[in-house]
Structure formats: structure tokens, C-alpha cells
$ cat upload.csv   # CSV, C-alpha atoms
chain,number,residue,atom,x,y,z
A,1,MET,CA,-28.3,8.9,5.7
A,2,THR,CA,-26.5,9.0,2.4
A,3,ARG,CA,-28.3,7.5,-0.6
A,4,TYR,CA,-25.2,5.6,-1.4
A,5,SER,CA,-26.0,2.9,1.2
A,6,LYS,CA,-24.1,0.1,-0.4
A,7,LEU,CA,-20.8,2.1,-0.6
A,8,PHE,CA,-20.9,2.7,3.1
A,9,GLU,CA,-21.6,-0.9,4.2
A,10,GLN,CA,-18.9,-2.7,6.1
A,11,THR,CA,-17.6,-5.9,4.4
A,12,GLN,CA,-15.0,-8.6,4.6
A,13,LEU,CA,-12.8,-9.8,1.7
A,14,GLU,CA,-11.5,-13.1,3.0
A,15,GLY,CA,-8.9,-12.0,5.6
A,16,LEU,CA,-9.4,-8.2,5.0
A,17,GLN,CA,-11.9,-6.4,7.1
A,18,LEU,CA,-13.1,-3.2,5.5
A,19,LYS,CA,-15.0,-0.2,7.0
A,20,THR,CA,-16.8,0.5,3.7
A,21,LYS,CA,-17.2,-1.2,0.3
A,22,THR,CA,-14.7,1.3,-1.2
A,23,ALA,CA,-11.1,1.0,-2.3
A,24,MET,CA,-8.4,3.4,-3.2
A,25,ALA,CA,-7.2,2.3,-6.6
A,26,PRO,CA,-3.5,1.9,-7.1
A,27,MET,CA,-2.1,5.0,-8.7
A,28,THR,CA,1.6,5.6,-9.5
A,29,ARG,CA,2.6,8.9,-7.9
A,30,CYS,CA,6.4,8.8,-8.2
A,31,PHE,CA,7.2,10.6,-4.9
A,32,ALA,CA,9.6,8.1,-3.4
A,33,ASP,CA,13.4,8.8,-3.4
A,34,ASP,CA,14.5,8.0,-6.9
A,35,GLU,CA,17.8,6.6,-5.9
A,36,THR,CA,16.8,4.4,-3.0
A,37,GLY,CA,13.0,3.7,-3.6
A,38,VAL,CA,12.3,4.8,0.0
A,39,VAL,CA,9.0,6.4,0.9
A,40,ASN,CA,8.7,9.4,3.3
A,41,THR,CA,6.5,11.1,5.8
A,42,GLU,CA,4.6,13.0,3.2
A,43,ILE,CA,3.6,9.8,1.5
A,44,ALA,CA,2.5,8.4,4.9
A,45,GLU,CA,0.2,11.4,5.5
A,46,TYR,CA,-1.2,11.0,1.9
A,47,TYR,CA,-2.5,7.5,2.7
A,48,ARG,CA,-3.5,8.5,6.3
A,49,ARG,CA,-6.0,11.1,5.0
A,50,ARG,CA,-7.7,8.5,2.8
A,51,ALA,CA,-7.9,6.0,5.7
A,52,LYS,CA,-9.3,8.7,8.0
A,53,ASP,CA,-12.0,9.5,5.4
A,54,GLY,CA,-13.2,5.9,5.7
A,55,ILE,CA,-11.9,4.3,2.5
A,56,GLY,CA,-12.3,0.6,3.1
A,57,LEU,CA,-9.2,-0.8,1.3
A,58,ILE,CA,-6.2,1.2,0.3
A,59,ILE,CA,-4.2,-0.4,-2.5
A,60,SER,CA,-0.8,1.3,-2.6
A,61,GLU,CA,0.8,2.7,-5.7
A,62,GLY,CA,2.8,0.1,-7.5
A,63,VAL,CA,5.8,-1.1,-5.4
A,64,VAL,CA,8.6,-2.7,-7.4
A,65,ILE,CA,10.0,-6.1,-6.5
A,66,SER,CA,13.6,-5.4,-7.5
A,67,ASP,CA,15.8,-2.7,-9.0
A,68,ARG,CA,15.3,-4.2,-12.4
A,69,ALA,CA,11.5,-4.1,-12.0
A,70,LYS,CA,11.3,-0.3,-12.1
A,71,GLY,CA,9.7,1.6,-14.9
A,72,ASN,CA,9.3,5.2,-13.8
A,73,PRO,CA,11.5,7.6,-11.8
A,74,GLY,CA,10.5,8.0,-8.2
A,75,VAL,CA,8.6,4.7,-7.7
A,76,PRO,CA,9.0,3.0,-4.4
A,77,GLY,CA,10.4,-0.5,-3.7
A,78,ILE,CA,10.0,-3.1,-1.0
A,79,TYR,CA,13.0,-5.3,-1.6
A,80,THR,CA,15.5,-3.7,0.8
A,81,GLN,CA,15.4,-3.4,4.5
A,82,GLU,CA,15.6,0.4,4.3
A,83,GLN,CA,12.5,0.4,2.1
A,84,ILE,CA,10.6,-2.0,4.4
A,85,GLU,CA,11.4,0.1,7.4
A,86,ALA,CA,10.1,3.3,5.7
A,87,TRP,CA,6.9,1.6,4.7
A,88,LYS,CA,6.1,1.0,8.4
A,89,GLU,CA,5.4,4.7,8.8
A,90,VAL,CA,2.8,4.4,6.1
A,91,THR,CA,1.1,1.3,7.3
A,92,ASN,CA,1.1,2.6,10.9
A,93,ALA,CA,-0.5,5.8,9.8
A,94,VAL,CA,-3.3,3.9,8.0
A,95,HIS,CA,-3.8,1.5,10.9
A,96,ASP,CA,-4.0,4.4,13.4
A,97,GLU,CA,-7.0,5.6,11.5
A,98,GLY,CA,-8.6,2.1,11.5
A,99,GLY,CA,-7.8,1.5,7.8
A,100,THR,CA,-6.7,-1.5,5.8
A,101,ILE,CA,-3.8,-1.2,3.3
A,102,ILE,CA,-2.2,-3.7,0.9
A,103,ALA,CA,0.9,-3.3,-1.3
A,104,GLN,CA,0.6,-3.6,-5.0
A,105,ILE,CA,3.7,-5.6,-6.0
A,106,TRP,CA,4.9,-4.8,-9.5
A,107,HIS,CA,7.5,-5.7,-12.2
A,108,VAL,CA,7.2,-3.6,-15.4
A,109,GLY,CA,9.2,-6.0,-17.5
A,110,ARG,CA,9.9,-4.5,-21.0
A,111,LEU,CA,8.2,-1.2,-20.1
A,112,SER,CA,11.4,0.3,-18.9
A,113,HIS,CA,14.8,1.7,-19.9
A,114,HIS,CA,18.3,0.8,-18.9
A,115,GLU,CA,18.9,4.3,-17.4
A,116,LEU,CA,16.1,3.6,-14.9
A,117,ILE,CA,17.4,0.2,-13.9
A,118,LYS,CA,21.1,0.9,-13.2
A,119,GLY,CA,22.3,0.0,-16.7
A,120,GLN,CA,20.5,-3.3,-16.8
A,121,GLN,CA,18.5,-4.4,-19.9
A,122,PRO,CA,14.7,-4.6,-19.3
A,123,GLN,CA,13.4,-8.2,-19.0
A,124,ALA,CA,10.5,-9.7,-20.9
A,125,PRO,CA,9.2,-13.1,-22.1
A,126,SER,CA,10.5,-12.4,-25.6
A,127,ALA,CA,13.0,-9.9,-27.1
A,128,ILE,CA,10.3,-7.6,-28.5
A,129,ALA,CA,10.3,-3.9,-27.8
A,130,ALA,CA,7.1,-2.2,-26.8
A,131,ALA,CA,5.7,0.7,-28.8
A,132,GLY,CA,6.0,4.2,-27.4
A,133,GLN,CA,8.0,5.9,-24.6
A,134,VAL,CA,8.5,5.4,-20.9
A,135,PRO,CA,5.9,7.6,-19.1
A,136,ARG,CA,7.5,10.5,-17.2
A,137,PHE,CA,10.9,9.6,-18.6
A,138,ARG,CA,10.1,10.2,-22.3
A,139,LYS,CA,12.6,7.9,-23.8
A,140,PRO,CA,11.7,5.0,-26.2
A,141,TYR,CA,11.2,1.6,-24.8
A,142,GLU,CA,14.2,-0.6,-25.6
A,143,ILE,CA,14.5,-4.2,-26.9
A,144,PRO,CA,14.3,-6.3,-23.7
A,145,GLU,CA,16.3,-9.3,-22.8
A,146,GLU,CA,14.3,-12.6,-23.2
A,147,MET,CA,14.1,-14.2,-19.8
A,148,THR,CA,15.7,-17.6,-19.3
A,149,LYS,CA,14.1,-20.2,-17.2
A,150,ALA,CA,16.6,-19.3,-14.5
A,151,ASP,CA,15.5,-15.6,-14.8
A,152,ILE,CA,11.9,-16.7,-14.4
A,153,LYS,CA,12.6,-18.7,-11.3
A,154,GLU,CA,14.5,-15.8,-9.8
A,155,VAL,CA,11.6,-13.3,-10.5
A,156,VAL,CA,9.0,-15.7,-9.1
A,157,ALA,CA,11.1,-16.0,-5.9
A,158,GLN,CA,11.4,-12.2,-5.8
A,159,TYR,CA,7.6,-11.9,-5.8
A,160,ALA,CA,7.3,-14.4,-2.9
A,161,GLN,CA,10.0,-12.5,-0.9
A,162,VAL,CA,8.5,-9.1,-1.3
A,163,ALA,CA,5.1,-10.5,-0.3
A,164,LYS,CA,6.8,-11.5,3.0
A,165,ASN,CA,8.5,-8.1,3.1
A,166,ALA,CA,5.1,-6.4,2.8
A,167,LEU,CA,3.7,-8.2,5.9
A,168,GLU,CA,6.9,-7.3,7.7
A,169,ALA,CA,6.3,-3.7,6.7
A,170,GLY,CA,2.8,-3.8,8.2
A,171,PHE,CA,0.7,-4.3,5.1
A,172,ASP,CA,-2.4,-6.4,5.5
A,173,GLY,CA,-1.8,-8.2,2.2
A,174,VAL,CA,-0.7,-7.7,-1.4
A,175,GLU,CA,-2.1,-7.2,-4.8
A,176,ILE,CA,-0.1,-8.8,-7.6
A,177,HIS,CA,-0.1,-6.5,-10.6
A,178,GLY,CA,-0.9,-8.8,-13.5
A,179,ALA,CA,-2.5,-6.2,-15.8
A,180,HIS,CA,-1.9,-3.3,-18.2
A,181,GLY,CA,1.0,-4.7,-20.2
A,182,TYR,CA,3.5,-5.1,-17.4
A,183,LEU,CA,5.7,-8.2,-16.9
A,184,ILE,CA,3.0,-10.8,-15.9
A,185,ASP,CA,0.7,-9.5,-18.6
A,186,GLN,CA,3.5,-9.6,-21.2
A,187,PHE,CA,3.7,-13.3,-20.6
A,188,ASN,CA,-0.1,-13.5,-20.9
A,189,SER,CA,-0.3,-11.6,-24.2
A,190,GLU,CA,0.2,-13.1,-27.7
A,191,PHE,CA,2.0,-10.1,-29.1
A,192,SER,CA,4.6,-9.8,-26.4
A,193,ASN,CA,5.1,-13.6,-25.8
A,194,LYS,CA,6.4,-15.6,-28.7
A,195,ARG,CA,8.0,-18.3,-26.6
A,196,THR,CA,7.9,-22.0,-27.7
A,197,ASP,CA,8.6,-23.5,-24.3
A,198,GLU,CA,6.0,-24.1,-21.5
A,199,TYR,CA,5.6,-20.4,-20.9
A,200,GLY,CA,4.4,-19.8,-24.5
A,201,GLY,CA,1.6,-21.1,-26.7
A,202,ASP,CA,-2.2,-20.5,-26.4
A,203,LEU,CA,-3.6,-18.3,-23.7
A,204,LYS,CA,-4.0,-21.1,-21.2
A,205,GLN,CA,-0.4,-22.0,-21.6
A,206,ARG,CA,0.8,-18.4,-21.5
A,207,LEU,CA,-0.8,-18.0,-18.1
A,208,THR,CA,1.8,-20.4,-16.7
A,209,PHE,CA,4.1,-17.6,-15.4
A,210,MET,CA,1.2,-15.8,-13.8
A,211,LYS,CA,0.1,-19.0,-12.0
A,212,GLU,CA,3.7,-19.6,-10.8
A,213,VAL,CA,3.9,-16.1,-9.3
A,214,ILE,CA,0.5,-16.4,-7.6
A,215,SER,CA,1.3,-19.8,-6.2
A,216,ALA,CA,4.6,-18.6,-4.8
A,217,VAL,CA,2.9,-15.6,-3.2
A,218,ILE,CA,0.1,-17.6,-1.7
A,219,ASN,CA,2.5,-20.1,-0.3
A,220,ALA,CA,4.5,-17.2,1.2
A,221,ILE,CA,1.7,-15.3,3.0
A,222,GLY,CA,-1.7,-17.2,2.5
A,223,ALA,CA,-4.4,-16.9,-0.1
A,224,GLU,CA,-6.7,-14.7,2.2
A,225,ARG,CA,-4.1,-11.9,1.9
A,226,VAL,CA,-3.6,-12.0,-1.9
A,227,ILE,CA,-5.4,-10.2,-4.7
A,228,ILE,CA,-4.6,-10.6,-8.4
A,229,ARG,CA,-5.2,-7.7,-10.9
A,230,PHE,CA,-5.8,-8.5,-14.5
A,231,SER,CA,-7.1,-6.6,-17.5
A,232,PRO,CA,-7.4,-6.5,-21.3
A,233,HIS,CA,-5.8,-3.0,-21.3
A,234,LYS,CA,-2.2,-2.4,-22.2
A,235,VAL,CA,-0.5,0.9,-21.5
A,236,ASP,CA,1.6,0.4,-24.6
A,237,ALA,CA,-1.3,-0.8,-26.8
A,238,PRO,CA,-4.4,1.2,-25.6
A,239,GLU,CA,-6.7,0.0,-28.4
A,240,TYR,CA,-6.0,-3.7,-27.6
A,241,ARG,CA,-8.9,-5.9,-26.5
A,242,TRP,CA,-9.3,-9.6,-26.1
A,243,ASP,CA,-10.6,-11.2,-29.3
A,244,ASP,CA,-13.1,-13.2,-27.4
A,245,ALA,CA,-13.7,-11.6,-24.0
A,246,GLU,CA,-15.8,-14.4,-22.6
A,247,LYS,CA,-13.4,-17.1,-23.6
A,248,ALA,CA,-10.5,-15.1,-22.2
A,249,ILE,CA,-12.3,-14.5,-18.9
A,250,GLN,CA,-13.1,-18.2,-18.6
A,251,THR,CA,-9.5,-19.1,-19.1
A,252,TYR,CA,-8.3,-16.6,-16.5
A,253,VAL,CA,-10.8,-17.7,-14.0
A,254,GLU,CA,-9.9,-21.3,-14.4
A,255,ALA,CA,-6.3,-20.4,-13.8
A,256,PHE,CA,-7.2,-18.5,-10.7
A,257,LYS,CA,-9.2,-21.3,-9.3
A,258,GLU,CA,-6.4,-23.8,-10.1
A,259,VAL,CA,-3.9,-22.0,-7.9
A,260,GLY,CA,-6.3,-21.1,-5.1
A,261,VAL,CA,-6.9,-17.4,-5.6
A,262,LYS,CA,-9.6,-15.9,-3.4
A,263,ILE,CA,-9.9,-12.3,-4.5
A,264,ILE,CA,-9.7,-10.8,-8.0
A,265,HIS,CA,-9.4,-7.3,-9.3
A,266,PRO,CA,-10.4,-7.1,-13.0
A,267,SER,CA,-9.4,-3.6,-14.3
A,268,MET,CA,-11.1,-1.5,-16.9
A,269,LEU,CA,-10.5,2.2,-17.8
A,270,ASN,CA,-14.3,2.5,-18.3
A,271,PHE,CA,-16.2,0.1,-16.0
A,272,TYR,CA,-19.3,0.1,-18.2
A,273,GLU,CA,-17.5,-0.5,-21.5
A,274,ASP,CA,-19.3,-3.0,-23.6
A,275,VAL,CA,-16.9,-5.9,-23.9
A,276,LYS,CA,-19.3,-8.5,-25.4
A,277,ASP,CA,-22.9,-8.5,-26.4
A,278,GLY,CA,-23.8,-5.4,-24.4
A,279,LYS,CA,-22.2,-6.7,-21.2
A,280,ASN,CA,-19.5,-5.0,-19.2
A,281,LEU,CA,-16.4,-7.0,-18.1
A,282,TYR,CA,-17.7,-7.4,-14.5
A,283,GLU,CA,-21.1,-8.9,-15.6
A,284,ILE,CA,-19.2,-11.6,-17.5
A,285,VAL,CA,-16.7,-12.2,-14.8
A,286,ARG,CA,-19.4,-12.7,-12.2
A,287,ASN,CA,-20.9,-15.5,-14.3
A,288,TYR,CA,-17.8,-17.5,-13.7
A,289,TRP,CA,-16.5,-16.2,-10.3
A,290,SER,CA,-18.5,-16.3,-7.1
A,291,GLY,CA,-15.8,-15.0,-4.9
A,292,PRO,CA,-14.9,-11.3,-4.0
A,293,ILE,CA,-14.4,-9.0,-7.0
A,294,ILE,CA,-13.0,-5.4,-6.8
A,295,GLY,CA,-14.2,-3.2,-9.6
A,296,VAL,CA,-12.6,-0.1,-11.1
A,297,GLY,CA,-13.0,2.2,-14.1
A,298,ASP,CA,-13.9,5.8,-13.8
A,299,LEU,CA,-16.6,5.0,-11.3
A,300,THR,CA,-18.8,7.8,-9.9
A,301,PRO,CA,-20.6,7.4,-6.6
A,302,GLU,CA,-23.8,6.7,-8.6
A,303,SER,CA,-22.3,4.2,-11.0
A,304,ALA,CA,-20.4,2.4,-8.2
A,305,GLU,CA,-23.6,2.1,-6.1
A,306,ARG,CA,-25.3,0.6,-9.1
A,307,ALA,CA,-22.5,-1.9,-9.7
A,308,LEU,CA,-22.6,-3.0,-6.0
A,309,GLU,CA,-26.4,-3.3,-6.1
A,310,ALA,CA,-26.2,-5.5,-9.2
A,311,GLY,CA,-23.8,-7.8,-7.4
A,312,TRP,CA,-21.2,-7.5,-10.2
A,313,ILE,CA,-18.6,-6.4,-7.6
A,314,ASP,CA,-18.1,-6.4,-3.9
A,315,VAL,CA,-15.9,-3.4,-3.6
A,316,ALA,CA,-15.7,-0.3,-5.8
A,317,ALA,CA,-12.2,1.2,-6.4
A,318,ILE,CA,-11.9,4.9,-6.9
A,319,GLY,CA,-8.9,6.5,-8.6
A,320,ARG,CA,-8.3,10.1,-9.6
A,321,PRO,CA,-11.2,11.6,-7.6
A,322,LEU,CA,-9.3,10.4,-4.5
A,323,ILE,CA,-6.2,12.3,-5.6
A,324,SER,CA,-8.2,15.6,-5.7
A,325,ASN,CA,-10.5,14.7,-2.8
A,326,PRO,CA,-8.8,13.1,0.2
A,327,ASP,CA,-12.2,13.5,2.0
A,328,TYR,CA,-14.1,11.9,-0.9
A,329,LEU,CA,-16.5,9.8,1.2
A,330,HIS,CA,-17.2,12.7,3.6
A,331,ARG,CA,-18.1,14.9,0.6
A,332,ILE,CA,-20.5,12.4,-1.1
A,333,GLN,CA,-22.1,11.5,2.3
A,334,GLN,CA,-22.8,15.1,3.0
A,335,GLY,CA,-23.8,16.0,-0.6
A,336,GLU,CA,-20.9,18.3,-1.0
A,337,PRO,CA,-19.4,18.9,-4.5
A,338,LEU,CA,-16.2,17.0,-5.4
A,339,VAL,CA,-13.1,18.9,-6.5
A,340,GLU,CA,-12.5,18.0,-10.1
A,341,TYR,CA,-9.3,16.2,-10.8
A,342,ASP,CA,-6.8,18.2,-12.8
A,343,ALA,CA,-3.4,16.7,-13.7
A,344,ALA,CA,-1.6,20.0,-13.8
A,345,THR,CA,-2.8,20.8,-10.2
A,346,HIS,CA,-2.8,17.4,-8.6
A,347,LEU,CA,0.0,15.4,-10.2
A,348,PRO,CA,2.9,17.5,-9.0
A,349,LYS,CA,2.0,17.2,-5.3
A,350,LEU,CA,0.6,15.0,-2.6
A,351,ILE,CA,-2.5,16.2,-0.7
$ encode --input "upload.csv" --output "C-alpha cells"
Amino acid sequence: MTRYSKLFEQTQLEGLQLKTKTAMAPMTRCFADDETGVVNTEIAEYYRRRAKDGIGLIISEGVVISDRAKGNPGVPGIYTQEQIEAWKEVTNAVHDEGGTIIAQIWHVGRLSHHELIKGQQPQAPSAIAAAGQVPRFRKPYEIPEEMTKADIKEVVAQYAQVAKNALEAGFDGVEIHGAHGYLIDQFNSEFSNKRTDEYGGDLKQRLTFMKEVISAVINAIGAERVIIRFSPHKVDAPEYRWDDAEKAIQTYVEAFKEVGVKIIHPSMLNFYEDVKDGKNLYEIVRNYWSGPIIGVGDLTPESAERALEAGWIDVAAIGRPLISNPDYLHRIQQGEPLVEYDAATHLPKLI
């Protein structure tokens, strides 16, 4: 028997039954049809291989909620019937292998460019441009359009609709992408949200948009099928951290409890980074949250096992090693070496 006994335990996250305490972290791959946002057979086989290996929970790459939500070429959508029908091949492939798969639903907000979103202006809580360039597109971020209250209502409704679409497509649930400087996180962050209405103010007040999205999605498909991802990290501000991590975590957790969240996915680039007083993010989150936690952040089999044993997390999410090793669990169970991830080798193709 493998020494990674916790990783290989079966578990249940509310309504999600998992074969192991592992997850495939959401990773943008950009292999959908760029014009239609439709996935293909190659993508279905990509996810099938990870399910066949025994990964407990597959979290899809970010799936955009509208044509205006897109931030990279080649990302898939789930807002048209053609997109929904195409995803059925993916979910069927995963289910055929006894796997569980959820869709990460995504709006990038200001982290886009009008050429990617059919000539439309990127949306954001405030008309403040992000620093840097659009990944894989290499054009500077533009000044976004400040969302009106009507815009906000429309986007909240879009989140709810694509959650229903995800179930129609055969997904077992959804993860709301509320992290990394994308639209929801833009509302949450003081440097991208300068609003003076009910969507602005201190952190508790800035979380209003996120709470409205979560509530709408939960009302659409049920709390047991919904995960929220949040993080101090911003792709456009990599050095950013919360000024007071513990206070921020308390505020987020209070918001999650208020709207009935059951499962959370705090996200760190480095799981064991010291965020306050020698403690990692997950240690602090666990002090305030007794429900299921998915953890991520450059985890190895050894460090994931340790985090599970400590009780900081309930499921360990693996990222890039699963790109280069579709048989990841088999390899660590048998003591076989892992193929090292290399962007030049593994990013241009699906294996």
C-alpha cells in the first residue's frame, strides 16, 4: 500500500462523492475553438485520462459565462447551446471512468481586451486599467467600463444561468472563480474597486457583489453543488497580499456563512507560504471554517499528505504535475518517478 494513505481515501464533499482526496486544479489550456468557445474530443480525452487515473474531483479549466467574460484566446464557454452540447462529451467521458467533474465558471472583468470580446469594452467595478498585458495575447490591458447596477444585475443572472447550463451539460457542480484578480475579486479589492455605492467601501461591503453571485448560483443549483474560490493573489499584481490576513479571512468566511456556502477553495501559489505569524493560509482558514476545504499551491505528494493529516484541508488539488502526468496517482502509488512539468513541452498540447 502507498505511504500516501490520506490522498487515496474516498471522501464526500457535500453532494460530491470522490474516489480519492485529490482534485485536478483548474488550469487554463486555451484549446477550445476561439470563435465559438466550443470544446472538442481531444479535450474530452484529456479529462478522461485524469478521471481514469483516480483523481477524485476534476475542476475544469475556467469556463466563461458570456462573450464579454473572455480574457484569453481559445477559452471555452458555457453560455450557448452549442457549447453546452459539446461539454456533454467531456462530462460523459469523466463519468464513464467513475469520476466527478465540476465547471469553474469565470468572468475576467478588466483583465481582457476589446479584440478578444467582439469589440466590447472590458467590464469592471471601476474604470481603472490593470497593470500589464493580457496573457497569451500580449496586448496591454485597457481602461474598463465601470459597471452600472443594471450591468451588475445582468452579470449575476449570467452566473446563475451558466450554473444551470453546467448541470444540463452533465457537470456535477460548479466552482465560482472569485480569486486572482478577475471580476469578482476586482470588486473585492481596494485598488480595483473605488465605488461609493453599496458595492464599494470597506472589505465587508466590497464583498457584496461576490455574495450576490454566490446566492444566485446556490438558488439556481443548490449549495451542495457549489464551491467558491478565493485568494489574496492577483495575476496583475503578483506581490499583493492582504494587509491583515487573519482579519481578511474572517471577513470572507463570515460572508460565505451568510449566503450558505458549503465548500470553499482558498488558493495560494505556495501552499505553505507564511501569511501571518508563521501560519499558512489554510491553518488560519481552518480556525474559522469547519466545512470542506480544497487546498492548492504547488503541492507535492508529501506536502499534500501532510496537509491532509493536519486537517487543514479535506482535498488536495494538484496543478501542473497533472498536465505532464495524466497517470499521476498511479505513479505515486507505484513509486514511479513523475515527469517534470515543462511549459515548452506541455503547454502547446493536450496529453
$ residues_around --input "upload.csv" --residues "Pro76 of chain A" --least-positions-apart "4" --cutoff "7 Å" --atoms "only C-alpha atoms" --output "VMD selection string"
chain A and resid 32 37 to 39 63 to 64
$ closest_residue --input "upload.csv" --among "A:Gly15, A:Ile58, A:Glu175, A:Ala25" --to "Leu299 of chain A" --atoms "all atoms listed in the file"
A:Ala25
$ closest_residue --input "upload.csv" --among "A:Ala166, A:Ile143, A:Ala317, A:Ile284" --to "Ile128 of chain A" --atoms "all atoms listed in the file"
A:Ile143
$ closest_residue --input "upload.csv" --among "A:Gln12, A:Asn40, A:Gln158, A:Ser66" --to "Ala93 of chain A" --atoms "only C-alpha atoms"
A:Asn40
$ residues_around --input "upload.csv" --residues "Met268 of chain A" --least-positions-apart "5" --cutoff "9 Å" --atoms "only C-alpha atoms" --output "CSV table (one decimal) with C-alpha atoms, in the coordinates of the input"
chain,number,residue,atom,x,y,z
A,231,SER,CA,-7.1,-6.6,-17.5
A,232,PRO,CA,-7.4,-6.5,-21.3
A,233,HIS,CA,-5.8,-3.0,-21.3
A,273,GLU,CA,-17.5,-0.5,-21.5
A,281,LEU,CA,-16.4,-7.0,-18.1
A,295,GLY,CA,-14.2,-3.2,-9.6
A,296,VAL,CA,-12.6,-0.1,-11.1
A,297,GLY,CA,-13.0,2.2,-14.1
A,298,ASP,CA,-13.9,5.8,-13.8
$ atom_distance --input "upload.csv" --atom1 "atom CA of Gly98 of chain A" --atom2 "atom CA of Thr11 of chain A"
14.0 Å
$ closest_residue --input "upload.csv" --among "A:Ser126, A:Gln161, A:Gln186, A:Thr300" --to "Val108 of chain A" --atoms "all atoms listed in the file"
A:Gln186
$ residues_near_point --input "upload.csv" --point "(-14.1, 1.5, -2.2)" --cutoff "10 Å" --atoms "all atoms listed in the file" --output "PDB file with C-alpha atoms, in the frame of the given file"
ATOM      1  CA  LEU A   7     -20.800   2.100  -0.600  1.00  0.00           C
ATOM      2  CA  PHE A   8     -20.900   2.700   3.100  1.00  0.00           C
ATOM      3  CA  LEU A  18     -13.100  -3.200   5.500  1.00  0.00           C
ATOM      4  CA  LYS A  19     -15.000  -0.200   7.000  1.00  0.00           C
ATOM      5  CA  THR A  20     -16.800   0.500   3.700  1.00  0.00           C
ATOM      6  CA  LYS A  21     -17.200  -1.200   0.300  1.00  0.00           C
ATOM      7  CA  THR A  22     -14.700   1.300  -1.200  1.00  0.00           C
ATOM      8  CA  ALA A  23     -11.100   1.000  -2.300  1.00  0.00           C
ATOM      9  CA  MET A  24      -8.400   3.400  -3.200  1.00  0.00           C
ATOM     10  CA  ALA A  25      -7.200   2.300  -6.600  1.00  0.00           C
ATOM     11  CA  GLY A  54     -13.200   5.900   5.700  1.00  0.00           C
ATOM     12  CA  ILE A  55     -11.900   4.300   2.500  1.00  0.00           C
ATOM     13  CA  GLY A  56     -12.300   0.600   3.100  1.00  0.00           C
ATOM     14  CA  LEU A  57      -9.200  -0.800   1.300  1.00  0.00           C
ATOM     15  CA  ILE A  58      -6.200   1.200   0.300  1.00  0.00           C
ATOM     16  CA  ILE A 294     -13.000  -5.400  -6.800  1.00  0.00           C
ATOM     17  CA  GLY A 295     -14.200  -3.200  -9.600  1.00  0.00           C
ATOM     18  CA  VAL A 296     -12.600  -0.100 -11.100  1.00  0.00           C
ATOM     19  CA  PRO A 301     -20.600   7.400  -6.600  1.00  0.00           C
ATOM     20  CA  ALA A 304     -20.400   2.400  -8.200  1.00  0.00           C
ATOM     21  CA  ASP A 314     -18.100  -6.400  -3.900  1.00  0.00           C
ATOM     22  CA  VAL A 315     -15.900  -3.400  -3.600  1.00  0.00           C
ATOM     23  CA  ALA A 316     -15.700  -0.300  -5.800  1.00  0.00           C
ATOM     24  CA  ALA A 317     -12.200   1.200  -6.400  1.00  0.00           C
ATOM     25  CA  ILE A 318     -11.900   4.900  -6.900  1.00  0.00           C
ATOM     26  CA  GLY A 319      -8.900   6.500  -8.600  1.00  0.00           C
ATOM     27  CA  LEU A 329     -16.500   9.800   1.200  1.00  0.00           C
TER      28      LEU A 329
END
$ decode --input "upload.csv" --residues "segment 228-277 of chain A" --atoms "C-alpha atoms" --output "short mmCIF file (atom, residue, chain, number, x, y, z; two decimals), in the first residue's frame"
data_model
loop_
_atom_site.label_atom_id
_atom_site.label_comp_id
_atom_site.auth_asym_id
_atom_site.auth_seq_id
_atom_site.Cartn_x
_atom_site.Cartn_y
_atom_site.Cartn_z
CA ILE A 228 -16.21 29.32 -4.13
CA ARG A 229 -12.54 30.00 -4.90
CA PHE A 230 -10.86 33.00 -3.28
CA SER A 231 -7.30 34.19 -2.81
CA PRO A 232 -5.05 37.12 -1.92
CA HIS A 233 -3.18 36.58 -5.22
CA LYS A 234 -3.79 38.79 -8.25
CA VAL A 235 -2.40 37.91 -11.68
CA ASP A 236 -1.98 41.61 -12.41
CA ALA A 237 -0.39 42.38 -9.00
CA PRO A 238 1.70 39.33 -8.06
CA GLU A 239 3.27 40.96 -5.00
CA TYR A 240 -0.07 41.87 -3.45
CA ARG A 241 -1.10 40.33 -0.13
CA TRP A 242 -3.86 41.19 2.33
CA ASP A 243 -2.66 43.76 4.87
CA ASP A 244 -4.14 41.69 7.71
CA ALA A 245 -4.60 38.12 6.52
CA GLU A 246 -6.49 36.94 9.59
CA LYS A 247 -8.98 39.79 9.52
CA ALA A 248 -9.50 39.34 5.77
CA ILE A 249 -10.10 35.60 6.19
CA GLN A 250 -12.61 36.24 8.98
CA THR A 251 -14.46 38.70 6.77
CA TYR A 252 -14.57 36.30 3.82
CA VAL A 253 -15.70 33.37 5.97
CA GLU A 254 -18.47 35.43 7.55
CA ALA A 255 -19.67 36.32 4.05
CA PHE A 256 -19.61 32.67 2.97
CA LYS A 257 -21.61 31.59 6.01
CA GLU A 258 -24.11 34.40 5.46
CA VAL A 259 -25.02 33.18 1.97
CA GLY A 260 -24.95 29.47 2.75
CA VAL A 261 -21.69 28.33 1.16
CA LYS A 262 -20.77 24.70 1.97
CA ILE A 263 -17.38 24.19 0.24
CA ILE A 264 -14.51 26.65 -0.13
CA HIS A 265 -11.31 26.64 -2.17
CA PRO A 266 -8.72 29.09 -0.85
CA SER A 267 -5.94 29.45 -3.42
CA MET A 268 -2.22 30.04 -2.89
CA LEU A 269 0.67 29.77 -5.32
CA ASN A 270 2.70 28.27 -2.47
CA PHE A 271 0.53 26.30 -0.03
CA TYR A 272 2.98 26.67 2.84
CA GLU A 273 3.67 30.38 2.43
CA ASP A 274 3.73 32.19 5.77
CA VAL A 275 0.81 34.59 5.61
CA LYS A 276 0.76 35.56 9.29
CA ASP A 277 2.79 34.66 12.38
#
